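run-v7.cif follows; it contains mmCIF, C-alpha atoms.
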data_work
loop_
_atom_site.label_atom_id
_atom_site.label_comp_id
_atom_site.auth_asym_id
_atom_site.auth_seq_id
_atom_site.Cartn_x
_atom_site.Cartn_y
_atom_site.Cartn_z
CA MET A 1 103.36 122.18 125.62
CA LEU A 2 105.94 123.57 123.21
CA LYS A 3 109.69 123.01 123.25
CA TYR A 4 111.95 125.73 121.90
CA PHE A 5 115.16 124.73 120.10
CA SER A 6 117.82 127.24 119.13
CA ALA A 7 121.31 127.05 117.64
CA ASP A 8 124.01 129.29 116.20
CA TRP A 9 122.25 128.79 112.89
CA ILE A 10 118.89 127.42 111.79
CA PHE A 11 118.70 126.12 108.21
CA PRO A 12 115.00 125.87 107.27
CA VAL A 13 116.01 124.95 103.66
CA SER A 14 112.81 126.60 102.40
CA SER A 15 114.24 130.01 103.35
CA SER A 16 117.54 131.68 104.25
CA PRO A 17 119.53 130.56 107.31
CA ILE A 18 118.58 132.29 110.57
CA LYS A 19 121.41 133.24 112.93
CA ASN A 20 120.48 132.25 116.51
CA GLY A 21 116.99 131.34 115.29
CA VAL A 22 114.42 129.47 117.38
CA ILE A 23 112.09 126.60 116.46
CA ALA A 24 108.94 125.83 118.45
CA VAL A 25 107.90 122.17 118.32
CA ASN A 26 104.90 120.43 119.89
CA ALA A 27 104.87 116.99 121.53
CA ALA A 28 104.21 115.29 118.19
CA GLY A 29 107.32 116.86 116.65
CA GLU A 30 105.31 119.28 114.52
CA ILE A 31 106.83 122.68 113.81
CA GLN A 32 104.67 125.43 115.34
CA GLN A 33 106.88 128.48 114.89
CA VAL A 34 110.18 129.52 113.32
CA LEU A 35 111.41 132.67 115.07
CA THR A 36 114.27 135.12 115.17
CA ALA A 37 116.22 135.47 118.40
CA ALA A 38 114.58 138.84 119.05
CA ALA A 39 111.07 137.41 118.66
CA ALA A 40 111.86 134.62 121.14
CA LYS A 41 113.70 136.62 123.80
CA ASN A 42 111.08 135.99 126.51
CA LEU A 43 110.68 132.26 125.84
CA ASP A 44 112.28 129.27 127.60
CA VAL A 45 114.74 128.39 124.86
CA VAL A 46 117.38 125.64 124.84
CA HIS A 47 120.35 126.87 122.81
CA HIS A 48 122.77 124.49 121.09
CA LYS A 49 126.21 125.08 119.60
CA GLY A 50 126.09 124.28 115.91
CA ALA A 51 123.44 124.32 113.22
CA ILE A 52 119.94 122.82 113.26
CA VAL A 53 118.80 121.27 109.96
CA PRO A 54 115.83 119.11 108.92
CA GLY A 55 115.97 115.32 109.10
CA PHE A 56 117.87 113.69 106.24
CA ILE A 57 116.38 111.67 103.36
CA ASN A 58 118.36 108.63 102.17
CA THR A 59 117.01 107.91 98.69
CA HIS A 60 119.14 104.82 98.02
CA CYS A 61 119.93 102.03 100.46
CA HIS A 62 120.04 98.21 100.50
CA LEU A 63 119.01 97.33 104.04
CA GLU A 64 118.99 93.60 103.36
CA LEU A 65 122.75 93.64 102.57
CA SER A 66 123.65 95.04 106.00
CA HIS A 67 125.21 91.74 107.13
CA MET A 68 127.93 92.21 104.49
CA LEU A 69 129.68 95.01 106.37
CA GLY A 70 133.41 94.57 105.83
CA LEU A 71 133.05 91.44 103.68
CA ILE A 72 133.48 92.94 100.19
CA PRO A 73 136.94 94.13 99.05
CA GLU A 74 137.22 97.83 98.17
CA LYS A 75 138.11 99.48 94.85
CA THR A 76 137.82 96.33 92.74
CA GLY A 77 135.40 97.80 90.19
CA LEU A 78 131.72 97.04 89.73
CA VAL A 79 132.02 93.71 87.90
CA GLU A 80 134.09 92.08 90.63
CA PHE A 81 131.96 93.80 93.29
CA VAL A 82 128.76 92.25 91.86
CA GLN A 83 130.39 88.82 91.81
CA SER A 84 131.47 89.25 95.45
CA ILE A 85 127.91 90.22 96.41
CA ILE A 86 126.51 87.10 94.76
CA LYS A 87 129.07 84.88 96.52
CA SER A 88 128.50 86.49 99.94
CA ARG A 89 124.77 87.20 99.91
CA GLN A 90 123.55 84.09 101.69
CA SER A 91 123.88 84.04 105.46
CA ASP A 92 122.15 82.88 108.62
CA THR A 93 118.64 84.36 108.81
CA LEU A 94 119.11 85.60 112.35
CA GLN A 95 122.40 87.26 111.43
CA ILE A 96 120.71 89.05 108.51
CA GLU A 97 117.86 90.25 110.73
CA LEU A 98 120.16 91.49 113.49
CA ALA A 99 122.33 93.34 110.97
CA MET A 100 119.26 95.04 109.48
CA GLN A 101 118.03 96.07 112.93
CA LYS A 102 121.42 97.56 113.74
CA ALA A 103 121.56 99.38 110.38
CA ASP A 104 118.05 100.77 110.81
CA GLN A 105 118.96 102.07 114.27
CA GLN A 106 122.20 103.54 112.93
CA MET A 107 120.27 105.47 110.26
CA PHE A 108 117.81 106.76 112.85
CA GLU A 109 120.63 107.92 115.12
CA ASN A 110 122.30 109.59 112.12
CA GLY A 111 119.22 111.75 111.66
CA ILE A 112 117.67 109.94 108.70
CA VAL A 113 113.86 110.18 108.65
CA ALA A 114 113.01 108.49 105.35
CA VAL A 115 114.67 105.88 103.13
CA GLY A 116 114.22 104.65 99.58
CA ASP A 117 115.30 101.05 100.08
CA ILE A 118 116.12 98.35 97.54
CA ALA A 119 114.79 94.84 98.18
CA ASN A 120 115.06 91.52 96.39
CA GLN A 121 113.11 89.54 98.98
CA ILE A 122 110.63 90.09 101.81
CA VAL A 123 113.16 89.75 104.64
CA SER A 124 113.23 93.48 105.53
CA LYS A 125 109.46 93.90 105.99
CA ALA A 126 109.29 93.34 109.76
CA ILE A 127 112.17 95.77 110.40
CA LYS A 128 110.46 98.44 108.31
CA GLN A 129 107.08 97.93 109.93
CA ASN A 130 108.57 98.52 113.39
CA SER A 131 111.00 101.27 112.42
CA LYS A 132 110.85 104.95 113.41
CA ILE A 133 111.98 105.67 109.84
CA HIS A 134 109.59 105.94 106.86
CA TYR A 135 110.52 103.43 104.15
CA TYR A 136 109.58 103.27 100.47
CA THR A 137 110.68 99.87 99.15
CA PHE A 138 111.92 99.41 95.60
CA VAL A 139 111.55 95.71 94.72
CA GLU A 140 114.08 94.96 92.00
CA ALA A 141 113.21 92.99 88.90
CA MET A 142 116.20 91.31 87.23
CA GLY A 143 116.28 89.36 83.99
CA PHE A 144 118.19 90.05 80.78
CA ASN A 145 116.59 87.26 78.77
CA PRO A 146 113.54 88.76 77.00
CA GLU A 147 111.74 85.41 76.98
CA ARG A 148 111.65 85.42 80.79
CA ALA A 149 110.26 88.96 81.16
CA ALA A 150 106.64 88.08 81.99
CA ALA A 151 107.57 85.37 84.51
CA ILE A 152 110.09 87.64 86.25
CA MET A 153 107.57 90.44 86.43
CA ASP A 154 104.96 88.16 88.02
CA TYR A 155 107.49 86.92 90.57
CA THR A 156 108.62 90.44 91.49
CA LYS A 157 105.04 91.71 91.77
CA GLY A 158 104.42 88.91 94.26
CA ILE A 159 107.22 90.23 96.48
CA ARG A 160 105.91 93.79 96.15
CA GLU A 161 102.41 92.67 97.16
CA ALA A 162 103.88 90.84 100.17
CA PHE A 163 105.24 94.19 101.44
CA SER A 164 101.68 95.52 101.74
CA PRO A 165 100.56 97.71 103.48
CA LEU A 166 104.01 99.33 103.27
CA SER A 167 104.78 101.53 100.26
CA ALA A 168 106.53 99.47 97.58
CA ALA A 169 107.06 99.41 93.82
CA VAL A 170 108.55 97.10 91.18
CA VAL A 171 111.67 98.69 89.68
CA PRO A 172 114.47 97.69 87.28
CA HIS A 173 117.78 96.70 88.85
CA ALA A 174 120.10 98.08 86.17
CA PRO A 175 120.24 98.38 82.37
CA TYR A 176 122.64 95.44 82.05
CA SER A 177 120.31 93.13 84.01
CA VAL A 178 116.90 94.10 82.58
CA SER A 179 115.68 93.36 79.04
CA PRO A 180 113.73 95.92 77.00
CA GLU A 181 110.67 93.70 77.40
CA LEU A 182 111.00 93.72 81.19
CA PHE A 183 111.58 97.49 81.19
CA ARG A 184 108.29 97.93 79.33
CA LEU A 185 106.39 95.73 81.78
CA ILE A 186 107.84 97.70 84.72
CA ASN A 187 106.87 100.96 83.04
CA THR A 188 103.29 99.76 82.52
CA GLU A 189 103.09 98.67 86.15
CA ALA A 190 104.39 102.06 87.34
CA GLN A 191 101.84 103.88 85.19
CA ASN A 192 98.98 101.72 86.46
CA GLU A 193 100.03 101.98 90.12
CA GLY A 194 101.27 105.57 90.08
CA SER A 195 104.50 104.28 91.61
CA LEU A 196 108.10 105.48 91.53
CA ILE A 197 111.02 104.02 89.60
CA SER A 198 114.60 103.72 90.81
CA VAL A 199 117.41 102.29 88.68
CA HIS A 200 121.18 101.90 89.04
CA ASN A 201 122.64 104.00 86.23
CA GLN A 202 126.08 104.19 84.60
CA GLU A 203 128.19 103.04 87.53
CA THR A 204 131.19 102.07 85.41
CA VAL A 205 132.72 102.50 81.97
CA ASP A 206 132.05 98.79 81.37
CA GLU A 207 128.31 99.52 81.36
CA ASN A 208 128.60 101.95 78.48
CA ALA A 209 131.06 99.67 76.61
CA PHE A 210 128.58 96.81 76.75
CA PHE A 211 125.78 98.80 75.14
CA GLU A 212 127.97 100.68 72.68
CA ASP A 213 129.84 97.75 71.16
CA LYS A 214 129.33 94.66 73.37
CA THR A 215 132.79 94.81 74.94
CA GLY A 216 134.14 95.32 78.46
CA GLY A 217 133.95 93.60 81.81
CA PHE A 218 130.26 92.73 81.73
CA LEU A 219 131.00 89.89 79.31
CA ALA A 220 132.94 88.21 82.11
CA LEU A 221 130.03 88.84 84.49
CA TYR A 222 127.54 87.09 82.21
CA GLN A 223 129.99 84.21 81.85
CA PHE A 224 130.28 84.01 85.65
CA LEU A 225 126.48 83.90 85.86
CA GLY A 226 126.27 81.24 83.16
CA LEU A 227 124.06 83.42 80.94
CA ASP A 228 123.95 83.13 77.17
CA ILE A 229 123.66 86.66 75.77
CA SER A 230 124.27 85.80 72.13
CA PHE A 231 120.88 87.36 71.33
CA PHE A 232 122.03 90.82 72.47
CA GLU A 233 122.93 93.34 69.80
CA PRO A 234 124.78 96.49 70.91
CA THR A 235 122.77 99.70 70.55
CA LYS A 236 125.78 101.86 69.54
CA LYS A 237 124.61 104.25 72.29
CA THR A 238 125.57 104.76 75.92
CA SER A 239 123.69 102.79 78.54
CA LEU A 240 121.45 105.69 79.60
CA GLN A 241 120.55 106.59 76.04
CA SER A 242 119.72 102.95 75.35
CA TRP A 243 117.25 102.28 78.18
CA LEU A 244 115.71 105.60 79.26
CA PRO A 245 113.15 105.77 76.41
CA TYR A 246 111.45 102.69 77.88
CA ILE A 247 110.32 104.70 80.93
CA ALA A 248 110.44 108.23 79.55
CA LYS A 249 107.42 109.63 81.39
CA GLN A 250 107.78 108.12 84.86
CA LYS A 251 109.12 109.79 88.01
CA THR A 252 112.52 108.13 88.13
CA LEU A 253 115.60 108.11 90.35
CA LEU A 254 118.90 107.57 88.53
CA VAL A 255 121.33 106.13 91.06
CA HIS A 256 125.15 106.57 91.03
CA ASN A 257 125.66 108.17 87.55
CA THR A 258 129.42 107.75 87.97
CA VAL A 259 130.24 107.97 84.25
CA SER A 260 127.26 109.98 82.96
CA ASN A 261 128.51 112.70 80.58
CA ARG A 262 127.00 115.92 79.25
CA ALA A 263 125.40 114.23 76.25
CA ASP A 264 123.75 111.71 78.58
CA VAL A 265 122.43 114.41 80.90
CA GLU A 266 121.07 116.49 78.02
CA PHE A 267 119.46 113.39 76.47
CA ALA A 268 117.88 112.55 79.82
CA LYS A 269 116.49 116.05 80.28
CA GLN A 270 114.98 116.00 76.80
CA ASN A 271 113.36 112.59 77.30
CA ASN A 272 112.08 112.79 80.89
CA SER A 273 111.22 115.97 82.76
CA ASN A 274 110.67 114.07 86.03
CA LEU A 275 114.15 112.74 86.80
CA TYR A 276 116.13 112.86 90.04
CA TRP A 277 119.86 112.06 90.16
CA CYS A 278 121.01 110.23 93.28
CA LEU A 279 124.65 110.47 94.37
CA CYS A 280 126.22 107.90 96.71
CA PRO A 281 129.81 109.20 96.84
CA LEU A 282 131.21 106.94 99.55
CA ALA A 283 129.94 103.85 97.71
CA ASN A 284 131.36 105.16 94.42
CA LEU A 285 134.77 105.51 96.09
CA TYR A 286 134.39 102.08 97.75
CA ILE A 287 133.57 100.27 94.50
CA GLU A 288 135.11 102.21 91.60
CA ASN A 289 137.34 104.71 93.42
CA ALA A 290 135.68 107.41 91.31
CA LEU A 291 133.04 110.10 91.71
CA PRO A 292 130.39 111.42 89.30
CA ASP A 293 130.89 114.72 87.48
CA VAL A 294 129.04 116.70 90.14
CA ASP A 295 129.95 120.05 88.54
CA LEU A 296 128.25 118.90 85.33
CA LEU A 297 125.06 117.91 87.14
CA VAL A 298 124.98 121.26 88.94
CA GLU A 299 125.58 123.16 85.70
CA GLU A 300 122.79 121.25 84.00
CA GLY A 301 120.40 122.16 86.82
CA VAL A 302 119.16 118.63 87.49
CA LYS A 303 117.54 117.64 90.78
CA ILE A 304 120.08 115.82 92.94
CA THR A 305 119.40 113.58 95.94
CA LEU A 306 121.76 111.64 98.20
CA GLY A 307 122.00 107.99 99.19
CA THR A 308 124.26 105.74 101.22
CA ASP A 309 124.01 102.52 99.19
CA SER A 310 124.57 99.49 101.43
CA LEU A 311 126.96 98.35 104.13
CA ALA A 312 128.38 96.02 101.48
CA SER A 313 129.76 99.15 99.75
CA ASN A 314 130.05 101.62 102.62
CA HIS A 315 131.38 101.72 106.17
CA GLN A 316 128.33 103.55 107.53
CA LEU A 317 124.82 104.69 106.64
CA ASN A 318 125.17 108.41 107.21
CA ILE A 319 123.91 111.13 104.86
CA LEU A 320 126.00 113.81 106.60
CA ALA A 321 129.12 111.74 105.80
CA GLU A 322 128.06 111.70 102.14
CA MET A 323 127.64 115.49 102.27
CA LYS A 324 131.07 115.90 103.88
CA THR A 325 132.66 113.74 101.18
CA LEU A 326 131.15 115.86 98.40
CA GLN A 327 132.18 119.06 100.13
CA GLU A 328 135.76 117.81 100.49
CA HIS A 329 136.14 116.29 97.03
CA LYS A 330 133.88 118.52 94.93
CA GLN A 331 133.72 121.76 96.95
CA VAL A 332 129.92 121.84 96.95
CA ASP A 333 128.59 124.51 99.30
CA PHE A 334 126.69 123.40 102.39
CA GLU A 335 123.31 124.92 101.54
CA LYS A 336 123.24 123.15 98.19
CA LEU A 337 124.22 119.84 99.81
CA LEU A 338 121.53 120.31 102.43
CA GLN A 339 118.89 120.78 99.74
CA TRP A 340 120.01 117.52 98.12
CA ALA A 341 119.93 115.74 101.50
CA THR A 342 116.48 116.95 102.52
CA ILE A 343 113.81 118.52 100.33
CA ASN A 344 114.90 117.00 97.01
CA GLY A 345 114.74 113.48 98.45
CA ALA A 346 111.45 114.23 100.18
CA GLU A 347 110.01 115.49 96.88
CA PHE A 348 111.10 112.38 95.01
CA LEU A 349 109.57 110.06 97.59
CA GLY A 350 106.38 112.16 97.70
CA LEU A 351 106.95 113.05 101.36
CA ASP A 352 107.57 116.79 101.07
CA GLU A 353 104.39 117.67 102.95
CA ARG A 354 105.94 116.07 106.07
CA PHE A 355 109.70 116.14 105.59
CA GLY A 356 112.45 118.12 103.95
CA THR A 357 112.14 121.64 105.38
CA ILE A 358 111.64 123.35 108.72
CA GLU A 359 108.22 124.89 108.16
CA ILE A 360 105.07 125.30 110.25
CA GLY A 361 102.91 122.19 110.08
CA LYS A 362 105.69 119.79 109.10
CA THR A 363 107.29 117.03 111.19
CA PRO A 364 110.73 116.92 109.54
CA GLY A 365 112.83 115.93 112.52
CA LEU A 366 115.61 118.21 113.76
CA ASN A 367 119.32 117.40 113.49
CA LEU A 368 122.20 119.28 115.07
CA VAL A 369 125.40 119.37 113.00
CA GLN A 370 128.72 121.13 113.52
CA LEU A 371 129.96 123.66 110.99
CA SER A 372 133.07 125.81 110.90
CA GLU A 373 133.35 129.24 109.34
CA GLY A 374 132.03 129.30 105.80
CA PHE A 375 129.59 126.50 106.65
CA ILE A 376 132.21 123.78 106.28
CA ILE A 377 131.12 120.44 107.77
CA GLU A 378 133.48 119.77 110.67
CA SER A 379 132.37 116.25 111.52
CA ASP A 380 130.01 113.57 110.23
CA GLN A 381 128.56 113.17 113.74
CA VAL A 382 124.86 114.05 114.01
CA THR A 383 122.92 114.83 117.17
CA ARG A 384 119.26 114.01 116.65
CA LEU A 385 117.20 116.52 118.63
CA ILE A 386 113.78 115.10 117.70
#
Encoded form using structure tokens:
Amino acid sequence: MLKYFSADWIFPVSSSPIKNGVIAVNAAGEIQQVLTAAAAKNLDVVHHKGAIVPGFINTHCHLELSHMLGLIPEKTGLVEFVQSIIKSRQSDTLQIELAMQKADQQMFENGIVAVGDIANQIVSKAIKQNSKIHYYTFVEAMGFNPERAAAIMDYTKGIREAFSPLSAAVVPHAPYSVSPELFRLINTEAQNEGSLISVHNQETVDENAFFEDKTGGFLALYQFLGLDISFFEPTKKTSLQSWLPYIAKQKTLLVHNTVSNRADVEFAKQNNSNLYWCLCPLANLYIENALPDVDLLVEEGVKITLGTDSLASNHQLNILAEMKTLQEHKQVDFEKLLQWATINGAEFLGLDERFGTIEIGKTPGLNLVQLSEGFIIESDQVTRLI
């Protein structure tokens, strides 16, 4: 038996918005028809005030940090933020599990259907196995000492294998925490496994300063960690231009991009045609009190996705709230934001046959959101219809 959902507007994403459109869905949540109001006039339709959009894709999250909600001071900058994470990471196992369960449920209620999630341990596996959300886990490898690259890779592969049968891949944490040798091992693994890569990119000016001339706040971070980096020679290039050639052919998600400039974007486009740029605006404001040059990314025509980052750097896990923030701060139009929040993320995660658009044969989930005139997001509250 089919259910018929209608709203003031339907946004299929794959086609133009339909005023007072109607969506027919079967019991499994599969789209059977997308109709105009006239074509559905004799059907038993439930009409909603607002706009119906596909389920959201969160391409960057840290589920295992959910217990840190409210623990990390805001607007301190990345270096101090990382130190606070290290100091606060350990907690009671039950508390960590309960926080992850709550965060997973919050994402589901906020209309999120798929998540690209960062992991450093196996603790989130049970939550993901029992979740209504589809997860792709990025297991982070971290190690700046080139002599430790092989051992770190073996250790991280062990965690990735422990996530089986769930989708998982070994990925680099960030340029400042991964040696060239480890980058190359990760790239080889991704090529052999056909897996995705996700990497934190250019979150702060200190990251570029470190690679360009070995100055900036990261020197204090290595001192805090007790790491001897005397072997490191600055590349005289920005962070992105220093590390990207190590994985130039892989499907890769660049996360944050807070200080990426035009030269970086053009270099990236020339060196990898399979890049996606993930924006996590609320986390950027929480940590650095800054936002990426969104206008630049739009001008350059790169593929943009959205993420929430973690509850250590955000007050909620809500893609619509990220969209609202970008609309308010960067005046991005709703249809563009919706593409970033749905089909672009689904494409990156390889889930676009199921998610991302309201099309016959797909099971994207349906979210009801409230828009004012001009398609301005009125509220970050989502009503999940299916």
Just checking: using all atoms listed in the file, which residue out of A:Phe56, A:Phe11, A:Phe163, A:Phe5 ends up closest to A:Thr308? A:Phe56
Could you expand the PyMOL selection byres ((chain A and resi 184) around 12) into the explicit residues it covers here, written as a list in words? Ala141, Pro146, Ala149, Ala150, Met153, Val170, Val171, Pro172, Val178, Ser179, Pro180, Glu181, Leu182, Phe183, Leu185, Ile186, Asn187, Thr188, Glu189, Ala190, Gln191, Trp243, Leu244, Pro245, Tyr246, Ile247, Ala248, Lys249 and Gln250 of chain A
As a check of understanding, name the residues that the PyMOL selection byres ((chain A and resi 97) around 9) selects in the supplied structure, as JSON, numbers by chain. {"A": [64, 66, 67, 92, 93, 94, 95, 96, 98, 99, 100, 101, 102, 123, 124, 127]}
Using the chain letters and numbering of this document, enumerate as a ChimeraX atom specification the residues selected by the PyMOL selection byres ((chain A and resi 365) around 10). /A:25,29-31,52-56,111-113,354-358,362-364,366-367,384-386
So which residues touch stretch 6-8 of chain A within 10 Å, counting all atoms listed in the file, skipping near sequence neighbours fewer than 6 positions away, as a PyMOL selection string? chain A and resi 18-24+34-37+40+45-53+368-371
